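J.: Supplied structure: final-v3.csv, CSV, C-alpha atoms.
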```csv
chain,number,residue,atom,x,y,z
A,92,MET,CA,-0.1,31.2,-14.9
A,93,LYS,CA,-0.3,28.7,-17.8
A,94,PHE,CA,2.8,26.7,-18.9
A,95,THR,CA,2.7,24.1,-21.6
A,96,LYS,CA,4.8,21.0,-22.4
A,97,ILE,CA,6.5,20.9,-19.0
A,98,PRO,CA,7.6,17.3,-18.4
A,99,LEU,CA,5.9,15.6,-15.5
A,100,ALA,CA,9.3,14.6,-14.1
A,101,THR,CA,10.2,18.3,-13.9
A,102,ILE,CA,7.0,19.0,-11.9
A,103,ASN,CA,7.8,16.1,-9.6
A,104,ARG,CA,11.3,17.3,-9.0
A,105,LEU,CA,10.1,20.9,-8.3
A,106,SER,CA,8.1,19.4,-5.4
A,107,VAL,CA,11.2,17.6,-4.1
A,108,TYR,CA,13.2,20.9,-4.4
A,109,LEU,CA,10.5,22.6,-2.5
A,110,ARG,CA,10.5,20.1,0.3
A,111,VAL,CA,14.3,20.3,0.7
A,112,LEU,CA,14.2,24.2,0.6
A,113,GLN,CA,11.5,24.1,3.3
A,114,GLU,CA,13.8,22.0,5.5
A,115,LEU,CA,16.6,24.5,4.9
A,116,VAL,CA,14.3,27.4,6.1
A,117,GLY,CA,13.8,25.3,9.3
A,118,GLU,CA,17.6,25.3,9.7
A,119,GLU,CA,17.7,29.0,9.1
A,120,ILE,CA,19.8,28.8,5.9
A,121,GLU,CA,19.2,31.8,3.7
A,122,VAL,CA,21.2,31.0,0.6
A,123,VAL,CA,22.1,27.6,-0.8
A,124,PRO,CA,24.8,27.0,-3.4
A,125,SER,CA,23.3,25.1,-6.4
A,126,GLU,CA,25.7,22.1,-5.8
A,127,LYS,CA,24.5,21.7,-2.2
A,128,LEU,CA,20.8,22.0,-3.1
A,129,ALA,CA,21.4,19.4,-5.8
A,130,LYS,CA,23.1,17.0,-3.4
A,131,TYR,CA,20.3,17.3,-0.9
A,132,CYS,CA,17.7,16.7,-3.6
A,133,GLY,CA,19.6,13.7,-5.1
A,134,VAL,CA,20.1,15.2,-8.5
A,135,ASN,CA,22.9,17.1,-10.3
A,136,PRO,CA,23.1,20.9,-10.4
A,137,ALA,CA,22.4,21.0,-14.2
A,138,GLN,CA,19.1,19.2,-13.6
A,139,ILE,CA,17.9,21.9,-11.2
A,140,ARG,CA,18.9,24.7,-13.6
A,141,LYS,CA,17.2,22.9,-16.5
A,142,ASP,CA,14.0,22.3,-14.5
A,143,LEU,CA,13.8,25.9,-13.3
A,144,ALA,CA,14.7,27.3,-16.8
A,145,TYR,CA,11.2,26.3,-18.0
A,146,PHE,CA,9.8,29.0,-15.8
A,147,GLY,CA,12.4,31.8,-15.8
A,148,GLU,CA,15.7,32.7,-14.3
A,149,PHE,CA,16.4,31.9,-10.7
A,150,GLY,CA,19.4,32.1,-8.5
A,151,VAL,CA,22.6,34.2,-8.6
A,152,ARG,CA,25.6,32.9,-10.5
A,153,GLY,CA,28.4,32.0,-8.2
A,154,VAL,CA,26.2,32.4,-5.1
A,155,GLY,CA,23.3,30.1,-5.4
A,156,TYR,CA,19.6,30.3,-4.6
A,157,ARG,CA,17.9,32.5,-2.0
A,158,VAL,CA,15.9,29.9,-0.1
A,159,VAL,CA,12.8,31.9,0.7
A,160,ASP,CA,12.6,33.4,-2.8
A,161,LEU,CA,12.9,30.1,-4.5
A,162,ILE,CA,10.2,28.5,-2.2
A,163,HIS,CA,7.9,31.3,-3.2
A,164,GLN,CA,8.6,30.9,-6.9
A,165,ILE,CA,8.2,27.2,-6.9
A,166,LYS,CA,5.0,27.5,-5.0
A,167,GLU,CA,3.7,30.0,-7.6
A,168,ILE,CA,4.7,27.6,-10.4
A,169,LEU,CA,2.9,24.6,-8.8
A,170,GLY,CA,-0.2,26.5,-7.7
A,171,LEU,CA,0.6,26.1,-4.0
A,172,ASN,CA,0.3,29.7,-2.8
A,173,ARG,CA,-3.1,28.8,-1.6
A,174,THR,CA,-4.7,25.9,0.2
A,175,TRP,CA,-6.6,23.0,-1.5
A,176,ASN,CA,-9.6,21.2,0.0
A,177,LEU,CA,-9.6,17.5,-0.1
A,178,ALA,CA,-12.2,14.8,0.4
A,179,MET,CA,-11.2,11.4,1.8
A,180,ILE,CA,-13.2,8.5,0.4
A,181,GLY,CA,-12.9,5.3,2.4
A,182,LEU,CA,-12.3,5.4,6.1
A,183,GLY,CA,-10.7,2.0,6.6
A,184,ASN,CA,-7.2,1.6,8.3
A,185,LEU,CA,-5.4,3.4,5.5
A,186,GLY,CA,-7.9,6.3,5.0
A,187,SER,CA,-8.2,6.8,8.8
A,188,ALA,CA,-4.4,7.0,9.2
A,189,LEU,CA,-4.0,9.3,6.1
A,190,ILE,CA,-6.6,11.8,7.3
A,191,ARG,CA,-4.7,12.2,10.6
A,192,TYR,CA,-1.3,12.6,8.9
A,193,ALA,CA,-0.1,16.0,9.8
A,194,ASN,CA,2.1,16.4,6.7
A,195,PHE,CA,-0.9,17.2,4.4
A,196,ILE,CA,-2.0,20.3,6.2
A,197,LYS,CA,1.6,21.5,6.6
A,198,HIS,CA,1.8,21.7,2.8
A,199,GLY,CA,-1.6,23.4,2.3
A,200,TYR,CA,-3.8,20.3,1.8
A,201,VAL,CA,-6.9,20.3,4.1
A,202,PHE,CA,-9.2,17.4,4.5
A,203,ALA,CA,-12.6,19.2,4.4
A,204,ALA,CA,-14.8,16.1,4.0
A,205,ALA,CA,-14.8,12.3,4.6
A,206,PHE,CA,-17.0,9.7,3.0
A,207,ASP,CA,-17.8,6.0,3.4
A,208,VAL,CA,-20.7,3.6,2.8
A,209,ASP,CA,-20.4,1.6,6.0
A,210,PRO,CA,-23.4,2.4,8.2
A,211,ASN,CA,-21.2,1.9,11.2
A,212,LYS,CA,-18.9,4.7,10.1
A,213,VAL,CA,-21.3,7.2,8.5
A,214,GLY,CA,-22.2,9.9,11.1
A,215,LYS,CA,-19.1,9.2,13.3
A,216,ARG,CA,-16.8,12.1,14.2
A,217,LEU,CA,-13.1,11.8,13.3
A,218,PRO,CA,-10.3,13.0,15.6
A,219,ASN,CA,-9.9,16.1,13.3
A,220,GLY,CA,-13.6,17.0,13.9
A,221,LEU,CA,-15.0,16.0,10.6
A,222,VAL,CA,-18.1,13.9,10.5
A,223,ILE,CA,-18.1,11.0,8.0
A,224,ASN,CA,-20.8,11.4,5.4
A,225,HIS,CA,-22.4,8.8,3.1
A,226,ILE,CA,-20.9,8.8,-0.4
A,227,ASP,CA,-24.4,9.6,-1.8
A,228,GLU,CA,-23.9,13.1,-0.3
A,229,LEU,CA,-20.7,13.6,-2.3
A,230,GLU,CA,-21.9,16.0,-5.0
A,231,GLU,CA,-23.7,18.3,-2.5
A,232,ILE,CA,-20.8,18.5,-0.1
A,233,VAL,CA,-18.1,18.9,-2.8
A,234,LYS,CA,-19.9,22.1,-3.9
A,235,GLU,CA,-20.6,23.4,-0.3
A,236,ARG,CA,-17.0,22.9,0.8
A,237,ASN,CA,-15.2,23.8,-2.4
A,238,ILE,CA,-13.4,20.5,-2.7
A,239,SER,CA,-10.9,20.2,-5.6
A,240,ILE,CA,-9.2,16.9,-4.9
A,241,GLY,CA,-10.6,13.4,-4.0
A,242,VAL,CA,-8.4,10.9,-2.2
A,243,ILE,CA,-9.5,7.3,-2.8
A,244,ALA,CA,-8.7,4.9,0.0
A,245,THR,CA,-11.4,2.3,-0.7
A,246,PRO,CA,-10.9,-1.3,-1.6
A,247,ALA,CA,-9.9,-1.9,-5.2
A,248,SER,CA,-13.4,-3.1,-6.1
A,249,ALA,CA,-15.0,0.3,-5.2
A,250,ALA,CA,-12.4,2.6,-6.7
A,251,GLN,CA,-13.7,3.0,-10.2
A,252,SER,CA,-17.3,3.8,-9.1
A,253,VAL,CA,-16.0,6.3,-6.5
A,254,ALA,CA,-13.9,7.9,-9.3
A,255,ASN,CA,-17.0,8.2,-11.5
A,256,GLN,CA,-18.9,9.9,-8.7
A,257,LEU,CA,-16.0,12.3,-8.1
A,258,VAL,CA,-15.9,13.3,-11.7
A,259,LEU,CA,-19.7,13.7,-11.9
A,260,ALA,CA,-19.4,16.0,-8.8
A,261,GLY,CA,-16.8,18.1,-10.6
A,262,VAL,CA,-13.8,17.0,-8.8
A,263,ASN,CA,-11.0,16.9,-11.4
A,264,GLY,CA,-8.0,15.8,-9.2
A,265,ILE,CA,-7.8,12.3,-7.7
A,266,LEU,CA,-5.1,10.8,-5.6
A,267,ASN,CA,-5.8,7.0,-5.8
A,268,PHE,CA,-4.4,4.7,-3.1
A,269,ALA,CA,-6.6,1.7,-4.3
A,270,PRO,CA,-4.4,-0.9,-6.0
A,271,VAL,CA,-6.2,-0.6,-9.3
A,272,GLN,CA,-5.9,1.5,-12.5
A,273,ILE,CA,-8.9,3.8,-12.6
A,274,GLN,CA,-10.2,5.3,-15.9
A,275,VAL,CA,-11.2,9.0,-16.0
A,276,PRO,CA,-12.0,11.5,-18.7
A,277,ASP,CA,-9.2,13.8,-19.9
A,278,CYS,CA,-10.5,16.7,-17.8
A,279,CYS,CA,-9.4,14.8,-14.7
A,280,HIS,CA,-5.9,14.2,-13.4
A,281,VAL,CA,-5.2,11.0,-11.4
A,282,GLU,CA,-2.0,10.2,-9.5
A,283,ASN,CA,-1.7,6.7,-8.1
A,284,ILE,CA,0.1,5.6,-5.0
A,285,ASP,CA,0.6,1.8,-4.9
A,286,PHE,CA,2.9,0.8,-2.1
A,287,THR,CA,3.5,-2.7,-3.4
A,288,ILE,CA,4.5,-1.4,-6.9
A,289,LYS,CA,7.4,0.5,-5.1
A,290,LEU,CA,8.3,-2.7,-3.2
A,291,ASP,CA,8.4,-4.6,-6.5
A,292,THR,CA,11.0,-2.1,-7.8
A,293,ILE,CA,13.0,-2.7,-4.7
A,294,ALA,CA,12.6,-6.5,-5.0
A,295,TYR,CA,13.8,-6.3,-8.6
A,296,HIS,CA,16.9,-4.4,-7.6
A,297,LEU,CA,17.7,-6.8,-4.7
A,298,SER,CA,17.2,-9.8,-7.0
A,299,THR,CA,19.3,-8.6,-9.9
A,300,ASN,CA,21.9,-6.0,-8.9
A,301,PHE,CA,23.4,-7.3,-5.6
B,28,MET,CA,18.4,-13.9,-13.6
B,29,LYS,CA,20.4,-10.8,-14.2
B,30,PHE,CA,19.3,-8.1,-16.6
B,31,THR,CA,21.1,-4.9,-17.3
B,32,LYS,CA,20.1,-1.4,-18.5
B,33,ILE,CA,16.4,-1.9,-18.1
B,34,PRO,CA,14.8,1.5,-17.6
B,35,LEU,CA,13.2,2.0,-14.2
B,36,ALA,CA,10.0,3.1,-15.9
B,37,THR,CA,9.8,-0.4,-17.6
B,38,ILE,CA,10.2,-2.1,-14.2
B,39,ASN,CA,7.4,0.1,-12.7
B,40,ARG,CA,5.1,-0.7,-15.7
B,41,LEU,CA,5.8,-4.4,-15.3
B,42,SER,CA,4.4,-4.1,-11.8
B,43,VAL,CA,1.3,-2.4,-13.1
B,44,TYR,CA,0.8,-5.0,-15.8
B,45,LEU,CA,1.1,-7.7,-13.1
B,46,ARG,CA,-1.5,-6.0,-10.9
B,47,VAL,CA,-4.0,-5.8,-13.8
B,48,LEU,CA,-3.3,-9.4,-14.9
B,49,GLN,CA,-3.9,-10.6,-11.3
B,50,GLU,CA,-7.3,-8.8,-11.4
B,51,LEU,CA,-8.1,-10.6,-14.7
B,52,VAL,CA,-7.3,-14.0,-13.0
B,53,GLY,CA,-9.9,-13.0,-10.4
B,54,GLU,CA,-12.4,-12.5,-13.2
B,55,GLU,CA,-11.4,-15.9,-14.7
B,56,ILE,CA,-10.1,-14.4,-17.9
B,57,GLU,CA,-7.5,-16.8,-19.5
B,58,VAL,CA,-6.3,-14.8,-22.5
B,59,VAL,CA,-6.2,-11.1,-23.0
B,60,PRO,CA,-5.7,-9.3,-26.3
B,61,SER,CA,-2.8,-6.9,-26.1
B,62,GLU,CA,-5.1,-3.9,-26.9
B,63,LYS,CA,-7.3,-4.7,-24.0
B,64,LEU,CA,-4.4,-5.3,-21.6
B,65,ALA,CA,-3.0,-2.0,-22.7
B,66,LYS,CA,-6.2,-0.1,-22.1
B,67,TYR,CA,-6.6,-1.6,-18.6
B,68,CYS,CA,-3.0,-0.6,-17.8
B,69,GLY,CA,-3.4,2.9,-19.2
B,70,VAL,CA,-0.6,2.5,-21.8
B,71,ASN,CA,-0.6,1.7,-25.6
B,72,PRO,CA,0.0,-1.8,-26.8
B,73,ALA,CA,3.4,-1.0,-28.3
B,74,GLN,CA,4.6,0.1,-24.9
B,75,ILE,CA,3.7,-3.3,-23.4
B,76,ARG,CA,5.4,-5.1,-26.3
B,77,LYS,CA,8.5,-2.9,-25.9
B,78,ASP,CA,8.7,-3.4,-22.1
B,79,LEU,CA,8.4,-7.2,-22.4
B,80,ALA,CA,10.9,-7.4,-25.3
B,81,TYR,CA,13.7,-6.6,-22.9
B,82,PHE,CA,13.1,-10.0,-21.4
B,83,GLY,CA,12.1,-12.3,-24.2
B,84,GLU,CA,9.1,-13.0,-26.4
B,85,PHE,CA,5.7,-13.2,-24.8
B,86,GLY,CA,2.2,-13.5,-26.1
B,87,VAL,CA,0.8,-15.0,-29.3
B,88,ARG,CA,0.4,-12.8,-32.4
B,89,GLY,CA,-3.2,-12.1,-33.2
B,90,VAL,CA,-4.4,-13.7,-30.0
B,91,GLY,CA,-2.9,-11.9,-27.0
B,92,TYR,CA,-1.3,-12.9,-23.7
B,93,ARG,CA,-2.1,-16.0,-21.7
B,94,VAL,CA,-2.8,-14.4,-18.3
B,95,VAL,CA,-1.4,-17.0,-15.9
B,96,ASP,CA,1.7,-17.5,-18.0
B,97,LEU,CA,2.4,-13.8,-18.2
B,98,ILE,CA,1.9,-13.4,-14.5
B,99,HIS,CA,4.5,-16.1,-13.9
B,100,GLN,CA,6.9,-14.6,-16.3
B,101,ILE,CA,6.7,-11.0,-14.9
B,102,LYS,CA,7.0,-12.4,-11.4
B,103,GLU,CA,10.2,-14.2,-12.4
B,104,ILE,CA,11.6,-11.0,-14.0
B,105,LEU,CA,10.8,-8.9,-10.9
B,106,GLY,CA,12.0,-11.5,-8.4
B,107,LEU,CA,8.6,-12.0,-7.0
B,108,ASN,CA,8.3,-15.8,-7.2
B,109,ARG,CA,9.2,-15.8,-3.4
B,110,THR,CA,8.2,-13.8,-0.4
B,111,TRP,CA,10.2,-10.9,1.0
B,112,ASN,CA,10.5,-10.1,4.7
B,113,LEU,CA,10.0,-6.5,5.7
B,114,ALA,CA,10.7,-4.5,8.9
B,115,MET,CA,8.5,-1.5,9.7
B,116,ILE,CA,10.4,1.3,11.5
B,117,GLY,CA,8.1,3.9,13.2
B,118,LEU,CA,4.8,2.8,14.6
B,119,GLY,CA,2.9,6.1,14.6
B,120,ASN,CA,-0.4,6.5,12.8
B,121,LEU,CA,1.0,5.8,9.4
B,122,GLY,CA,3.3,2.9,10.3
B,123,SER,CA,0.5,1.3,12.3
B,124,ALA,CA,-1.9,1.5,9.4
B,125,LEU,CA,0.6,0.3,6.9
B,126,ILE,CA,1.5,-2.8,8.9
B,127,ARG,CA,-2.2,-3.8,8.9
B,128,TYR,CA,-2.7,-3.2,5.2
B,129,ALA,CA,-3.6,-6.5,3.7
B,130,ASN,CA,-2.3,-5.7,0.2
B,131,PHE,CA,1.4,-6.2,1.2
B,132,ILE,CA,1.0,-9.9,2.1
B,133,LYS,CA,-1.2,-10.5,-0.9
B,134,HIS,CA,1.8,-9.6,-3.1
B,135,GLY,CA,4.4,-11.6,-1.1
B,136,TYR,CA,5.6,-8.8,1.3
B,137,VAL,CA,5.5,-10.0,4.9
B,138,PHE,CA,6.1,-7.7,7.9
B,139,ALA,CA,8.4,-9.8,10.0
B,140,ALA,CA,9.5,-7.2,12.5
B,141,ALA,CA,8.5,-3.7,13.9
B,142,PHE,CA,10.7,-1.1,15.6
B,143,ASP,CA,10.2,2.1,17.4
B,144,VAL,CA,12.0,4.1,20.1
B,145,ASP,CA,9.0,5.2,22.2
B,146,PRO,CA,9.1,3.3,25.5
B,147,ASN,CA,5.3,3.3,25.5
B,148,LYS,CA,5.3,1.3,22.2
B,149,VAL,CA,8.3,-1.0,22.6
B,150,GLY,CA,7.1,-4.4,23.9
B,151,LYS,CA,3.5,-3.9,22.8
B,152,ARG,CA,1.9,-6.6,20.6
B,153,LEU,CA,0.5,-5.4,17.2
B,154,PRO,CA,-2.8,-6.8,15.8
B,155,ASN,CA,-0.8,-9.0,13.4
B,156,GLY,CA,1.0,-10.7,16.4
B,157,LEU,CA,4.4,-8.9,16.1
B,158,VAL,CA,5.9,-7.4,19.2
B,159,ILE,CA,7.4,-4.0,18.7
B,160,ASN,CA,11.2,-4.0,19.3
B,161,HIS,CA,13.5,-1.1,20.2
B,162,ILE,CA,15.5,0.1,17.2
B,163,ASP,CA,18.7,-0.8,19.0
B,164,GLU,CA,17.8,-4.4,18.4
B,165,LEU,CA,17.6,-3.9,14.6
B,166,GLU,CA,20.8,-5.6,13.5
B,167,GLU,CA,20.2,-8.7,15.5
B,168,ILE,CA,16.6,-9.1,14.5
B,169,VAL,CA,17.3,-8.4,10.8
B,170,LYS,CA,19.7,-11.4,10.8
B,171,GLU,CA,17.5,-13.7,12.8
B,172,ARG,CA,14.4,-13.0,10.7
B,173,ASN,CA,16.1,-12.7,7.3
B,174,ILE,CA,14.8,-9.2,6.6
B,175,SER,CA,15.6,-7.7,3.2
B,176,ILE,CA,13.6,-4.5,3.1
B,177,GLY,CA,13.1,-1.7,5.7
B,178,VAL,CA,10.0,0.5,5.6
B,179,ILE,CA,10.6,3.9,7.2
B,180,ALA,CA,7.5,5.6,8.6
B,181,THR,CA,9.3,7.7,11.2
B,182,PRO,CA,9.2,11.5,11.4
B,183,ALA,CA,11.4,13.2,8.8
B,184,SER,CA,14.0,14.1,11.5
B,185,ALA,CA,14.7,10.4,12.3
B,186,ALA,CA,14.7,9.0,8.8
B,187,GLN,CA,18.4,9.4,7.9
B,188,SER,CA,19.6,7.9,11.1
B,189,VAL,CA,17.2,4.9,10.7
B,190,ALA,CA,18.4,4.5,7.1
B,191,ASN,CA,22.0,4.4,8.4
B,192,GLN,CA,21.1,1.7,10.9
B,193,LEU,CA,19.4,-0.3,8.2
B,194,VAL,CA,22.4,-0.2,5.9
B,195,LEU,CA,24.7,-1.1,8.7
B,196,ALA,CA,22.5,-4.1,9.5
B,197,GLY,CA,22.8,-5.2,5.9
B,198,VAL,CA,19.3,-4.2,4.7
B,199,ASN,CA,19.8,-3.0,1.1
B,200,GLY,CA,16.2,-2.1,0.2
B,201,ILE,CA,14.4,0.8,1.8
B,202,LEU,CA,10.8,2.1,1.2
B,203,ASN,CA,10.8,5.6,2.7
B,204,PHE,CA,7.5,7.2,3.7
B,205,ALA,CA,9.3,10.0,5.7
B,206,PRO,CA,9.0,13.3,3.8
B,207,VAL,CA,12.8,13.8,3.4
B,208,GLN,CA,15.5,12.7,0.9
B,209,ILE,CA,17.7,10.1,2.5
B,210,GLN,CA,21.2,9.4,1.4
B,211,VAL,CA,22.5,5.8,1.2
B,212,PRO,CA,25.5,4.1,-0.4
B,213,ASP,CA,25.2,2.6,-3.9
B,214,CYS,CA,24.6,-0.9,-2.6
B,215,CYS,CA,21.3,0.2,-1.3
B,216,HIS,CA,18.1,0.9,-3.2
B,217,VAL,CA,15.6,3.5,-1.9
B,218,GLU,CA,12.1,4.1,-3.1
B,219,ASN,CA,10.3,7.2,-1.7
B,220,ILE,CA,6.6,7.6,-1.3
B,221,ASP,CA,5.7,11.2,-0.5
B,222,PHE,CA,1.9,11.7,-0.6
B,223,THR,CA,2.1,15.5,-0.7
B,224,ILE,CA,4.5,15.5,-3.7
B,225,LYS,CA,1.7,13.6,-5.6
B,226,LEU,CA,-0.8,16.2,-4.5
B,227,ASP,CA,1.5,18.9,-5.7
B,228,THR,CA,1.4,17.3,-9.2
B,229,ILE,CA,-2.4,17.3,-9.1
B,230,ALA,CA,-2.5,20.9,-7.8
B,231,TYR,CA,-0.2,21.9,-10.7
B,232,HIS,CA,-2.5,20.3,-13.2
B,233,LEU,CA,-5.6,21.9,-11.6
B,234,SER,CA,-4.0,25.3,-11.6
B,235,THR,CA,-2.7,25.3,-15.2
B,236,ASN,CA,-4.6,22.9,-17.4
B,237,PHE,CA,-8.2,23.5,-16.6
```
Go ahead and express the file in the form of structure tokens.
T.:
Amino acid sequence: MKFTKIPLATINRLSVYLRVLQELVGEEIEVVPSEKLAKYCGVNPAQIRKDLAYFGEFGVRGVGYRVVDLIHQIKEILGLNRTWNLAMIGLGNLGSALIRYANFIKHGYVFAAAFDVDPNKVGKRLPNGLVINHIDELEEIVKERNISIGVIATPASAAQSVANQLVLAGVNGILNFAPVQIQVPDCCHVENIDFTIKLDTIAYHLSTNF
Amino acid sequence: MKFTKIPLATINRLSVYLRVLQELVGEEIEVVPSEKLAKYCGVNPAQIRKDLAYFGEFGVRGVGYRVVDLIHQIKEILGLNRTWNLAMIGLGNLGSALIRYANFIKHGYVFAAAFDVDPNKVGKRLPNGLVINHIDELEEIVKERNISIGVIATPASAAQSVANQLVLAGVNGILNFAPVQIQVPDCCHVENIDFTIKLDTIAYHLSTNF
């Protein structure tokens, strides 16, 4: 499928809808009224309809959404009816915790390789069975293991150079935890997660609104 | 200071500008042309001017921004010319890694308490010196230690109940790592960090744009 001009905010919300729908499956709910789904997702019902309207017609008027069907449809939209192989780069505290975090695999994201430069780490086996490779082996292993997404959990000072190596190895998706803006060519898509930026937003609200 | 109707996106970008400016200080750069600052931040110069214009006039036409001054001004806007005390709730892999993550303290966020319900964890001392308390002690400790922000790193199933306890204890800022939407009253501000939602966005781009 190829869709164009879909706002990024819509894509982000589709993921949120998907997570909530998956929780509903766990509670054995088969059909959810749009008002209820909206409430669980923290948006209004018109927003859900508008977001889904980019991709077709979903739901039954006056009834709501069939949970399993909508999960399947959103997964198809987002490209999630498959698994994605990830490489973790940087096995410090954060990288080591992330690679053990069960939620990735639950959503189809599989850590298939791990890289570091520290000679005390390279060659060690992680609890998930992966052996840590040296970053110099990145290109070879990316090809061997069909890795599509690189997760950067290095110090800020190393992040740009790691990003360059990922791009050279043909990895066009990067999830960056290093607290630095990395520059990549247009063929590559980067998402940043900076914990302290979220805390700044909270601090701003606590300082001004209350 | 009290500002109203500032877009959330502007607040988020101010944090990004702040991070980049702090890097420039490390490189001993005193003045940065607006084009360069914009490039480092991944935005266009007009965006920076527009974001800052909500709060006053900054920078010198034809010269750029004085790095140290702009850092001070953005910190004042965001309420960051002080430290904020945090409580970590949930000391599993993720919570334990986050509490050791040096970047929090670097930006003025100090973990002043840690909570869990697991009898094997309560009473244990963390590497940073904090002793893990039982969640039942939350209200008392929040007051004693002047905690403003709760960081939730529990399983999804516990997150709403922990959020309720935080709100009852008077904690009005929550950073939620649990992969679930939590509901709070209007007096409380929640920011969510869901790693897999970011991966979904990357997967979408890899599936459709390339």
J.: Env of Lys66 of chain B: 12 Å cut, atoms = all atoms listed in the file, seq-sep filter 2 positions within chain, self excluded. Answer as an NGL selection string.
T.: (:A and (272-274)) or (:B and (43-44 or 47 or 59-64 or 68-75))
J.: For a test of reading the model, state the distance in Å between atom CA of Asp213 of chain B and atom CA of Glu164 of chain B, rounded to one decimal.
T.: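 Separation of atom CA of Asp213 of chain B and atom CA of Glu164 of chain B: 24.5 Å.
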J.: With all atoms listed in the file as the atoms that count, which of A:Glu235, A:Asp207, A:Asp160, A:Glu167 lies nearest to chain B?
T.: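 Closest residue, counting all atoms listed in the file: A:Glu167.
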J.: Pick the closest to chain A from B:Ser123, B:Gln187, B:Asn160, B:Gln100: which is it, counting only C-alpha atoms?
T.: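 The answer is B:Ser123, which sits nearest to chain A.
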J.: Only residues of chain A matter here; which ones have an atom within 6 Å of chain B, counting all atoms listed in the file? Give them as a list in words.
T.: Lys93, Ser106, Leu169, Gly170, Asn184, Leu185, Ala188, Gly264, Ile288, Ile293, Tyr295, Ser298 and Thr299 of chain A
J.: Rounded to one decimal, what separation in Å do you get between atom CA of Asn173 of chain B and atom CA of Pro154 of chain B?
T.: 21.5 Å
J.: So how many Å separate atom CA of Pro146 of chain B and atom CA of Ile159 of chain B, to one decimal?
T.: 10.1 Å
J.: In terms of the shortest atom-to-atom distance over all atoms listed in the file, which of A:Val258, A:Ala144, A:Val275, A:Val159 is closest to Ile120 of chain A?
T.: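 Among the listed residues, A:Val159 lies closest to Ile120 of chain A.
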